[in-house]
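Asks: Hey, dropping coords-v9.txt in here, compact mmCIF, C-alpha atoms and all ligand atoms:
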```
# COMPACT_ATOMS: atom_id res chain seq x y z
CA MET A 231 0.00 0.00 0.00
CA LYS A 232 2.86 2.32 0.92
CA HIS A 233 4.43 1.64 -2.47
CA LEU A 234 1.16 2.42 -4.23
CA ASP A 235 0.75 5.67 -2.33
CA SER A 236 4.25 6.85 -3.13
CA HIS A 237 3.71 5.97 -6.81
CA PHE A 238 0.44 7.89 -6.86
CA PHE A 239 2.10 10.80 -5.09
CA ARG A 240 4.97 10.86 -7.58
CA ARG A 241 2.64 10.80 -10.56
CA THR A 242 0.49 13.57 -9.18
CA LEU A 243 3.58 15.61 -8.38
CA HIS A 244 4.83 15.14 -11.94
CA ARG A 245 1.49 16.32 -13.33
CA VAL A 246 1.59 19.43 -11.19
CA LEU A 247 5.22 20.12 -12.11
CA ASP A 248 4.47 19.59 -15.82
CA PHE A 249 1.78 22.21 -15.54
CA VAL A 250 3.97 24.75 -13.76
CA TYR A 251 7.13 23.98 -15.74
CA PRO A 252 6.19 22.48 -19.11
CA PRO A 253 8.61 19.63 -19.85
CA GLU A 254 11.40 19.94 -22.35
CA CYS A 255 13.35 17.29 -24.23
CA GLU A 256 15.95 15.73 -21.96
CA LEU A 257 18.53 15.90 -24.77
CA CYS A 258 17.86 19.04 -26.85
CA GLN A 259 15.67 21.08 -24.46
CA VAL A 260 12.94 21.73 -27.04
CA PRO A 261 9.60 22.28 -25.22
CA LEU A 262 7.33 19.23 -25.25
CA ALA A 263 3.71 18.35 -24.67
CA ASN A 264 1.79 15.06 -24.30
CA GLY A 265 3.80 13.88 -21.31
CA MET A 266 6.90 13.17 -23.40
CA TYR A 267 10.40 13.89 -22.20
CA LEU A 268 12.29 13.04 -25.37
CA CYS A 269 11.41 14.74 -28.65
CA SER A 270 10.86 12.47 -31.64
CA THR A 271 13.92 13.91 -33.43
CA CYS A 272 16.17 12.92 -30.52
CA GLN A 273 14.44 9.54 -30.16
CA ASN A 274 14.98 8.75 -33.82
CA ALA A 275 18.56 10.01 -33.76
CA LEU A 276 19.67 7.45 -31.16
CA PRO A 277 21.67 4.87 -33.14
CA ARG A 278 19.86 1.52 -33.46
CA ILE A 279 21.32 -1.95 -33.77
CA GLN A 280 20.81 -3.07 -37.35
CA ALA A 281 21.55 -6.29 -39.18
CA PRO A 282 23.97 -7.91 -39.40
CA PHE A 283 24.27 -8.52 -35.67
CA CYS A 284 25.08 -11.51 -33.49
CA GLU A 285 22.08 -13.81 -33.23
CA ARG A 286 22.80 -14.44 -29.56
CA CYS A 287 23.88 -11.14 -28.01
CA GLY A 288 22.95 -8.48 -30.60
CA GLU A 289 26.52 -7.27 -31.06
CA MET A 290 26.58 -5.47 -34.40
CA PHE A 291 28.91 -6.65 -37.12
CA GLU A 292 30.71 -4.03 -39.19
CA GLY A 293 30.55 -5.01 -42.80
CA ASN A 294 28.50 -7.16 -45.11
CA ILE A 295 27.56 -10.72 -44.39
CA GLU A 296 24.68 -12.68 -45.77
CA SER A 297 24.62 -15.73 -43.52
CA ASN A 298 23.47 -16.05 -39.93
CA PHE A 299 26.05 -14.60 -37.65
CA ILE A 300 27.24 -15.53 -34.15
CA CYS A 301 30.02 -13.36 -32.75
CA PRO A 302 33.30 -15.02 -31.67
CA ASN A 303 32.47 -14.27 -28.05
CA CYS A 304 29.13 -16.10 -28.15
CA THR A 305 30.45 -19.19 -29.93
CA THR A 306 32.29 -20.11 -26.74
CA LEU A 307 29.48 -19.29 -24.31
CA LYS A 308 26.47 -21.23 -23.16
CA TYR A 309 23.41 -19.16 -22.38
CA ASP A 310 20.19 -20.19 -20.68
CA PHE A 311 18.26 -17.89 -23.02
CA ALA A 312 17.78 -18.30 -26.77
CA PHE A 313 18.99 -14.78 -27.57
CA CYS A 314 19.13 -11.21 -26.36
CA ARG A 315 17.64 -8.48 -28.53
CA PRO A 316 18.96 -5.04 -27.56
CA VAL A 317 17.60 -2.02 -29.45
CA LEU A 318 20.18 0.74 -29.14
CA LEU A 319 23.86 0.78 -29.87
CA SER A 320 25.99 2.20 -27.12
CA SER A 321 26.20 5.96 -27.79
CA GLU A 322 26.79 8.93 -25.56
CA PRO A 323 23.18 10.22 -25.54
CA ALA A 324 21.82 6.68 -24.94
CA ARG A 325 24.25 6.11 -22.06
CA ASP A 326 23.36 9.53 -20.67
CA LEU A 327 19.62 8.74 -20.73
CA ILE A 328 20.11 5.35 -19.07
CA HIS A 329 22.34 6.90 -16.45
CA LYS A 330 19.65 9.47 -15.71
CA LEU A 331 16.98 6.77 -15.48
CA LYS A 332 19.17 4.75 -13.16
CA TYR A 333 20.90 7.19 -10.90
CA ALA A 334 19.29 10.59 -11.25
CA ARG A 335 15.74 9.63 -10.30
CA SER A 336 14.54 10.43 -13.81
CA ILE A 337 11.68 7.97 -13.59
CA HIS A 338 9.74 10.18 -16.03
CA LEU A 339 12.06 8.94 -18.83
CA ALA A 340 10.84 5.34 -18.47
CA ALA A 341 7.83 5.66 -20.80
CA ASP A 342 9.84 7.14 -23.68
CA LEU A 343 12.67 4.64 -23.21
CA ALA A 344 10.17 1.77 -23.09
CA ARG A 345 8.71 2.95 -26.40
CA ILE A 346 12.19 2.61 -27.90
CA THR A 347 12.69 -0.79 -26.24
CA ALA A 348 9.42 -1.94 -27.82
CA GLU A 349 11.12 -1.75 -31.23
CA ALA A 350 12.86 -5.03 -30.30
CA PHE A 351 9.51 -6.71 -30.93
CA ASP A 352 9.71 -5.86 -34.63
CA ASP A 353 12.33 -8.62 -34.73
CA PRO A 354 10.59 -11.66 -36.31
CA ARG A 355 12.14 -13.89 -33.65
CA LEU A 356 9.90 -12.17 -31.08
CA HIS A 357 6.64 -12.55 -33.02
CA GLN A 358 5.92 -15.86 -31.29
CA ALA A 359 6.45 -14.19 -27.90
CA ARG A 360 3.85 -11.56 -28.73
CA LYS A 361 1.40 -14.02 -30.17
CA GLU A 362 1.63 -16.40 -27.22
CA LYS A 363 1.77 -13.55 -24.70
CA TRP A 364 4.98 -14.47 -22.95
CA THR A 365 5.52 -12.70 -19.63
CA LEU A 366 7.87 -9.73 -19.26
CA ILE A 367 10.10 -10.14 -16.22
CA PRO A 368 12.25 -7.27 -14.94
CA VAL A 369 15.76 -7.92 -13.64
CA PRO A 370 15.29 -7.29 -9.91
CA LEU A 371 17.36 -5.01 -7.69
CA HIS A 372 18.25 -5.95 -4.15
CA TRP A 373 15.77 -4.27 -1.81
CA SER A 374 18.53 -2.19 -0.22
CA ARG A 375 19.49 -0.71 -3.58
CA GLU A 376 15.89 -0.16 -4.59
CA GLN A 377 15.30 1.66 -1.35
CA LYS A 378 18.22 3.96 -2.13
CA ARG A 379 17.17 4.46 -5.75
CA PHE A 380 13.44 4.64 -4.92
CA TYR A 381 12.55 2.41 -7.87
CA ASN A 382 13.90 -0.34 -10.09
CA GLN A 383 14.57 1.08 -13.55
CA SER A 384 14.07 -2.32 -15.21
CA ARG A 385 10.64 -2.68 -13.60
CA GLU A 386 9.67 0.81 -14.77
CA LEU A 387 10.71 -0.09 -18.33
CA THR A 388 8.84 -3.40 -18.03
CA LYS A 389 5.59 -1.81 -16.85
CA HIS A 390 5.49 0.67 -19.73
CA LEU A 391 6.54 -2.01 -22.20
CA ALA A 392 3.75 -4.30 -20.99
CA ARG A 393 1.21 -1.55 -21.59
CA GLU A 394 2.68 -0.68 -24.99
CA LEU A 395 2.67 -4.29 -26.20
CA SER A 396 -0.34 -5.65 -24.28
CA LEU A 397 1.81 -8.32 -22.67
CA PRO A 398 1.63 -9.59 -19.08
CA TRP A 399 4.45 -8.76 -16.69
CA CYS A 400 5.48 -10.17 -13.34
CA ASP A 401 8.04 -9.41 -10.64
CA ALA A 402 8.88 -13.10 -10.77
CA LEU A 403 12.47 -12.83 -9.59
CA VAL A 404 14.08 -11.51 -6.47
CA ARG A 405 17.71 -10.57 -5.83
CA ARG A 406 18.69 -12.38 -2.68
CA ARG A 407 21.82 -10.48 -1.80
CA ALA A 408 23.35 -7.11 -2.54
CA THR A 409 26.21 -7.48 -4.98
CA MET A 410 29.04 -5.12 -5.64
CA THR A 411 28.72 -3.00 -8.76
CA GLN A 412 29.54 -4.94 -11.91
CA THR A 413 30.98 -2.09 -13.96
CA ALA A 414 34.65 -2.90 -13.43
CA LEU A 415 34.29 -6.69 -13.64
CA ASN A 416 34.80 -9.00 -16.62
CA ARG A 417 32.22 -11.64 -17.53
CA GLN A 418 33.74 -14.41 -15.45
CA HIS A 419 33.93 -12.24 -12.36
CA ARG A 420 30.42 -10.93 -12.99
CA LEU A 421 29.08 -14.47 -13.12
CA LYS A 422 30.88 -15.31 -9.89
CA ASN A 423 29.59 -12.12 -8.31
CA LEU A 424 26.02 -13.06 -9.28
CA LYS A 425 26.16 -16.79 -8.56
CA ASP A 426 22.88 -17.90 -6.93
CA CYS A 427 21.99 -14.27 -6.52
CA PHE A 428 18.50 -14.55 -8.04
CA SER A 429 15.60 -16.75 -7.08
CA LEU A 430 11.88 -17.04 -7.67
CA SER A 431 9.78 -14.50 -5.73
CA SER A 432 6.44 -15.36 -4.14
CA LYS A 433 4.76 -13.67 -7.13
CA GLY A 434 6.98 -15.80 -9.35
CA LYS A 435 5.79 -18.97 -7.63
CA LYS A 436 2.16 -18.06 -8.36
CA TRP A 437 3.10 -17.12 -11.92
CA ARG A 438 4.76 -20.49 -12.48
CA GLU A 439 1.55 -22.24 -11.42
CA SER A 440 -0.23 -20.49 -14.30
CA LYS A 441 1.98 -22.53 -16.68
CA PRO A 442 3.34 -19.59 -18.69
CA SER A 443 4.46 -20.38 -22.22
CA GLY A 444 7.51 -18.15 -22.11
CA ALA A 445 9.45 -15.41 -20.36
CA ILE A 446 11.16 -12.27 -21.62
CA VAL A 447 13.76 -10.90 -19.22
CA ILE A 448 13.87 -7.10 -19.40
CA ASP A 449 16.87 -4.97 -18.50
CA ASP A 450 18.23 -1.56 -19.44
CA VAL A 451 21.63 -2.74 -20.70
CA PHE A 452 23.14 -6.01 -21.89
CA THR A 453 26.90 -5.93 -21.46
CA THR A 454 28.54 -9.31 -20.82
CA GLY A 455 25.20 -11.08 -20.41
CA ALA A 456 26.02 -12.28 -16.89
CA THR A 457 22.87 -10.81 -15.31
CA ALA A 458 20.63 -12.06 -18.13
CA GLN A 459 22.26 -15.46 -17.83
CA GLU A 460 21.70 -15.77 -14.07
CA CYS A 461 18.05 -14.66 -14.36
CA SER A 462 17.40 -17.05 -17.25
CA SER A 463 19.02 -19.87 -15.35
CA VAL A 464 16.40 -19.53 -12.58
CA LEU A 465 13.65 -19.57 -15.21
CA ARG A 466 15.11 -22.65 -16.89
CA LYS A 467 15.31 -24.48 -13.57
CA ILE A 468 11.60 -23.89 -12.88
CA GLY A 469 10.74 -25.31 -16.30
CA ILE A 470 10.01 -22.21 -18.41
CA GLU A 471 10.72 -23.54 -21.85
CA ASN A 472 10.96 -20.33 -23.87
CA ARG A 473 13.38 -17.77 -22.48
CA VAL A 474 14.65 -14.65 -24.23
CA VAL A 475 16.10 -11.31 -23.18
CA VAL A 476 15.22 -7.79 -24.39
CA THR A 477 17.22 -4.73 -23.40
CA LEU A 478 17.19 -1.06 -24.30
CA MET A 479 20.91 -0.89 -25.10
CA ARG A 480 23.86 -3.15 -25.94
CA GLY A 481 26.61 -2.03 -23.55
ZN ZN B 501 15.18 16.51 -28.41
ZN ZN B 502 27.38 -12.48 -29.57
```
Before anything else, please render the file you have as structure tokens.
Ligand SMILES: [Zn+2]
Ligand SMILES: [Zn+2]
Replies:
Amino acid sequence: MKHLDSHFFRRTLHRVLDFVYPPECELCQVPLANGMYLCSTCQNALPRIQAPFCERCGEMFEGNIESNFICPNCTTLKYDFAFCRPVLLSSEPARDLIHKLKYARSIHLAADLARITAEAFDDPRLHQARKEKWTLIPVPLHWSREQKRFYNQSRELTKHLARELSLPWCDALVRRRATMTQTALNRQHRLKNLKDCFSLSSKGKKWRESKPSGAIVIDDVFTTGATAQECSSVLRKIGIENRVVVTLMRG
């Protein structure tokens, strides 16, 4: 209830602030209406991942290739998800927006960033997921970090994405312990850092009973894939057959 109240309070506060100070684009400061915080020019200017890219991790390949492509990194790795589909390439404005969403309490950016994330579903490999209504599952934060940050940016993306795509979503996973920040770690150390870090939440247990046909793990950034891997591993162990990952950006 407390969570609901604070959410309601925040939304009302935003509405009042929007009225007093009409919002402007987060990147180019052009004045905006319709509850948007990124103008369409800036949204469209963010560089997208385009084919050819790695079928597993979305890493773009410079040059021309006709055949299916798996990057050298992914050929040696085993993932518990079929593939990750990130939308944006790593660029300064994209990193800046994600940083704001994550650390600067810019929760108002979530709707616009979710709209961009939704482009992942134009990928034919995700058509089945839409048709069968697979569940969107945000990568969870440890409660102590969420308390500090006031919200989980992946959940905010997930909620807007669910609305945009008419898909169900569920806080099915929980982060059992606080981990040190992953930024300076390589993949192997990240995996070690995250080992047994995630488990099924009580909501997740109920969700599993509904026999879902698939799960789409949602996160802001896919870097080494360690987080996506650990979340997918929990989902595999509870018998979710179809598991994929969608992120806003490829780190
Ligand atoms: Zn703009
Ligand atoms: Zn790859």
Asks: Please indicate the distance in Å from atom CA of A:Gly469 to atom CA of A:Pro398, rounded to one decimal place.
Replies: 18.4 Å
Asks: Find the spatial neighbours of A:Ala341, counting all atoms listed in the file, within a cut-off of 10 Å - ignore same-chain residues fewer than 4 positions away - and output them as a PDB file with C-alpha atoms, in the frame of the given file.
Replies:
```
ATOM      1  CA  GLY A 265       3.800  13.880 -21.310  1.00  0.00           C
ATOM      2  CA  MET A 266       6.900  13.170 -23.400  1.00  0.00           C
ATOM      3  CA  TYR A 267      10.400  13.890 -22.200  1.00  0.00           C
ATOM      4  CA  LEU A 268      12.290  13.040 -25.370  1.00  0.00           C
ATOM      5  CA  ILE A 337      11.680   7.970 -13.590  1.00  0.00           C
ATOM      6  CA  ARG A 345       8.710   2.950 -26.400  1.00  0.00           C
ATOM      7  CA  ILE A 346      12.190   2.610 -27.900  1.00  0.00           C
ATOM      8  CA  THR A 347      12.690  -0.790 -26.240  1.00  0.00           C
ATOM      9  CA  GLU A 386       9.670   0.810 -14.770  1.00  0.00           C
ATOM     10  CA  LEU A 387      10.710  -0.090 -18.330  1.00  0.00           C
ATOM     11  CA  THR A 388       8.840  -3.400 -18.030  1.00  0.00           C
ATOM     12  CA  LYS A 389       5.590  -1.810 -16.850  1.00  0.00           C
ATOM     13  CA  HIS A 390       5.490   0.670 -19.730  1.00  0.00           C
ATOM     14  CA  LEU A 391       6.540  -2.010 -22.200  1.00  0.00           C
ATOM     15  CA  ARG A 393       1.210  -1.550 -21.590  1.00  0.00           C
ATOM     16  CA  GLU A 394       2.680  -0.680 -24.990  1.00  0.00           C
TER      17      GLU A 394
END
```
Asks: With all atoms listed in the file as the basis for distance, which of A:Pro323, A:Ser297, A:Asp342, A:Phe351 is at the shortest distance from A:Asn264?
Replies: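 Answer, going by the shortest atom-to-atom distance: A:Asp342.
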Asks: List all protein, DNA and RNA residues that have an atom no more than 10 Å from any atom of ligand ZN 501 (chain B), counting all atoms listed in the file, and report them as an NGL selection string.
Replies: :A and (254-262 or 267-275)
Asks: Let me make sure I understand: among A:Lys308, A:Pro277, A:Phe239, A:Arg406, which one has the smallest atom-to-atom distance to A:Ser463 if we use only C-alpha atoms?
Replies: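 Using only C-alpha atoms, A:Ser463 sits closest to A:Lys308.
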Asks: Please find the residues contacting ligand ZN 502 (chain B) at a distance of at most 9 Å between atoms, with all atoms listed in the file counted, and report them as JSON, numbers by chain.
Replies: {"A": [283, 284, 285, 286, 287, 288, 289, 290, 299, 300, 301, 302, 303, 304, 305, 307, 313, 314]}
Asks: Take atom CA of A:Arg480 and atom CA of A:Arg278 and report the distance between them in Å, one decimal.
Replies: 9.7 Å
Asks: Quick one: residues within 10 Å of (23.7, -0.1, -29.5) (file frame), counting all atoms listed in the file, please, as an MDAnalysis selection string.
Replies: chainID A and resid 276:280 288:290 316:321 324:325 451:452 478:481
Asks: Tell me, in Å to one decimal, how far atom CA of A:Asp352 is from atom CA of A:Ser396.
Replies: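 Atom CA of A:Ser396 lies 14.4 Å from atom CA of A:Asp352.
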Asks: Pick out the residues sitting within 9 Å of A:Asp310, and hand them over as a VMD selection string; count only C-alpha atoms, and ignore anything fewer than 2 positions along from it in its own chain.
Replies: chain A and resid 308 312 to 313 458 to 466 473 to 474
Asks: Can you work out which one of A:Ala402, A:Leu395, A:Ala350, A:Leu356 has the shortest atom-to-atom distance to A:Ser429, counting all atoms listed in the file?
Replies: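 Closest residue, counting all atoms listed in the file: A:Ala402.
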Asks: Need the shell around A:Arg438: protein/DNA/RNA residues with any atom at most 12 Å away, counting all atoms listed in the file. Skip same-chain ones fewer than 2 positions apart. Format as number ranges by chain?
Replies: A: 365, 400-403, 430-436, 440-445, 464-471
Asks: Between A:Thr413, A:Ser336, A:Gln358, A:Thr242, which residue has the minimum interatomic distance to A:Asn472, considering only C-alpha atoms?
Replies: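 Going through A:Thr413, A:Ser336, A:Gln358, A:Thr242 one by one, the smallest distance to A:Asn472 is for A:Gln358.
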Asks: Please rebuild stretch 462-477 of chain A with N, CA and C atoms and give the result as a PDB file, keeping the file's coordinate frame.
Replies:
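Result went into out_14.pdb, see below:
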```
ATOM      1  N   SER A 462      17.951 -16.002 -16.382  1.00  0.00           N
ATOM      2  CA  SER A 462      17.400 -17.050 -17.250  1.00  0.00           C
ATOM      3  C   SER A 462      17.618 -18.428 -16.673  1.00  0.00           C
ATOM      4  N   SER A 463      18.713 -18.579 -15.959  1.00  0.00           N
ATOM      5  CA  SER A 463      19.020 -19.870 -15.350  1.00  0.00           C
ATOM      6  C   SER A 463      17.946 -20.252 -14.318  1.00  0.00           C
ATOM      7  N   VAL A 464      17.482 -19.262 -13.545  1.00  0.00           N
ATOM      8  CA  VAL A 464      16.400 -19.530 -12.580  1.00  0.00           C
ATOM      9  C   VAL A 464      15.144 -19.960 -13.335  1.00  0.00           C
ATOM     10  N   LEU A 465      14.861 -19.268 -14.432  1.00  0.00           N
ATOM     11  CA  LEU A 465      13.650 -19.570 -15.210  1.00  0.00           C
ATOM     12  C   LEU A 465      13.736 -20.942 -15.866  1.00  0.00           C
ATOM     13  N   ARG A 466      14.928 -21.307 -16.300  1.00  0.00           N
ATOM     14  CA  ARG A 466      15.110 -22.650 -16.890  1.00  0.00           C
ATOM     15  C   ARG A 466      14.859 -23.714 -15.826  1.00  0.00           C
ATOM     16  N   LYS A 467      15.421 -23.478 -14.641  1.00  0.00           N
ATOM     17  CA  LYS A 467      15.310 -24.480 -13.570  1.00  0.00           C
ATOM     18  C   LYS A 467      13.864 -24.707 -13.132  1.00  0.00           C
ATOM     19  N   ILE A 468      13.002 -23.684 -13.280  1.00  0.00           N
ATOM     20  CA  ILE A 468      11.600 -23.890 -12.880  1.00  0.00           C
ATOM     21  C   ILE A 468      10.752 -24.374 -14.067  1.00  0.00           C
ATOM     22  N   GLY A 469      11.433 -24.665 -15.176  1.00  0.00           N
ATOM     23  CA  GLY A 469      10.740 -25.310 -16.300  1.00  0.00           C
ATOM     24  C   GLY A 469      10.101 -24.386 -17.316  1.00  0.00           C
ATOM     25  N   ILE A 470      10.528 -23.106 -17.362  1.00  0.00           N
ATOM     26  CA  ILE A 470      10.010 -22.210 -18.410  1.00  0.00           C
ATOM     27  C   ILE A 470      10.780 -22.520 -19.699  1.00  0.00           C
ATOM     28  N   GLU A 471      10.057 -23.016 -20.664  1.00  0.00           N
ATOM     29  CA  GLU A 471      10.720 -23.540 -21.850  1.00  0.00           C
ATOM     30  C   GLU A 471      11.295 -22.437 -22.734  1.00  0.00           C
ATOM     31  N   ASN A 472      10.510 -21.405 -22.987  1.00  0.00           N
ATOM     32  CA  ASN A 472      10.960 -20.330 -23.870  1.00  0.00           C
ATOM     33  C   ASN A 472      11.495 -19.157 -23.050  1.00  0.00           C
ATOM     34  N   ARG A 473      12.771 -18.847 -23.258  1.00  0.00           N
ATOM     35  CA  ARG A 473      13.380 -17.770 -22.480  1.00  0.00           C
ATOM     36  C   ARG A 473      14.211 -16.883 -23.401  1.00  0.00           C
ATOM     37  N   VAL A 474      13.879 -15.598 -23.436  1.00  0.00           N
ATOM     38  CA  VAL A 474      14.650 -14.650 -24.230  1.00  0.00           C
ATOM     39  C   VAL A 474      14.894 -13.394 -23.391  1.00  0.00           C
ATOM     40  N   VAL A 475      15.741 -12.524 -23.909  1.00  0.00           N
ATOM     41  CA  VAL A 475      16.100 -11.310 -23.180  1.00  0.00           C
ATOM     42  C   VAL A 475      15.911 -10.116 -24.124  1.00  0.00           C
ATOM     43  N   VAL A 476      15.343  -9.036 -23.605  1.00  0.00           N
ATOM     44  CA  VAL A 476      15.220  -7.790 -24.390  1.00  0.00           C
ATOM     45  C   VAL A 476      15.806  -6.669 -23.538  1.00  0.00           C
ATOM     46  N   THR A 477      16.678  -5.876 -24.145  1.00  0.00           N
ATOM     47  CA  THR A 477      17.220  -4.730 -23.400  1.00  0.00           C
ATOM     48  C   THR A 477      17.145  -3.473 -24.265  1.00  0.00           C
TER      49      THR A 477
END
```
